[in-house]
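For reference, the structure discussed in these notes is given below.
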Amino acid sequence: MSEKHTHIEHRDDEASKLGMWLFIFTELLLFGGLFLVYSIFRSQYPTSFHEGSLELNVTIGALNTMVLLVSSMTIAMAITAIQKKNKKLTLILIGITLFLAFVFLVNKYFEWGAKFHHGLYPGSDLMELLDRGHHLYFSLYFFMTGLHALHIIVGMILLIITYVKVKNESIKHDHFVFLENGALYWHLVDLIWIFLFPLMYLIS
Amino acid sequence: MSNNSPHITDYKVLAKVLLVLMFLTFVTIEITSIDLAAFTVTIALLVAGIKSFLVLSYFMHLKYENLLLKILVTMVFVLFIIIVLITFIDYSFR
């Protein structure tokens, strides 16, 4: 190649967003599979699933729903802020999102903590004593909300990286696809909870 | 792509979407607390469907994305519904 070449930044934001969406599809189908398992066993053990859901704390569940919805909005607003070249507001909004994610996990800690306190956790003696329907309900409850909480933690790590990138200006008003993809991941977490909350806590 | 000017979603639009989502959450909690037998599940899933549509359209900017992406996302949900239907047909006829 020739000696002199001007450096032209090669990037395709549309393609990286498409890539993120393809990844999100795999995540949706992962949780989709679990929802399918849930629906099948629910139809086979309706009374056990009904009684199981009564054990859950709707207030904490509803609170966490609100927390996730607000955090979903703040991260969407962060994209608007970066497009309007408002770096400070972008950082504040990502910060609020991170704080709300933390609040969600604290709530989850207390919720799971109460279950553990009553001897209800995967592999516990109490779980072994439960009939098949209850056992399935609580196994699915711990697995699905646990996997969801894991996604919250991954989302938080992504948002922390995004925060740093905005701060050192590698994410700017004309180059913010990383923020967009991070936000997409965060919305995915919200999207899953939208179905998880009514199915686990409410329908009884 | 270079042909579309980047769309900036207004703060107010996002705030309004949040209010609707909050309201729908409240509706779900209220409706599932009254006994509607088989309809409870249907209504709860319907409301969850509307909520996810709002999140996908506005928060995830799908409304302002190109047609390819819209079709792809729709297909994923259609695929999932087909999988659920086939599995339930299988279970109810064995």
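Ordered as shown in the structure tokens, chains take letters A, B, and onward, while each chain numbers its residues from 1 and ligands are numbered from 1 in the order shown.
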Using only C-alpha atoms, I'd like every residue of chain B that has an atom within 9 Å of chain A; please write them out as a VMD selection string. chain B and resid 1 6 8 to 11 14 to 15 17 to 18 21 to 22 25 to 26 28 to 29 32 to 33 35 40 to 41 44 to 45 48 to 49 51 to 52 55 to 56 58 to 61 69 72 to 73 76 to 77 80 83 to 84 87 to 88 91
Identify all residues of chain A in helix (DSSP H, G or I) (DSSP on the backbone) and supply them as number ranges by chain. A: 13-44, 46-54, 58-83, 87-117, 125-129, 132-167, 177-202
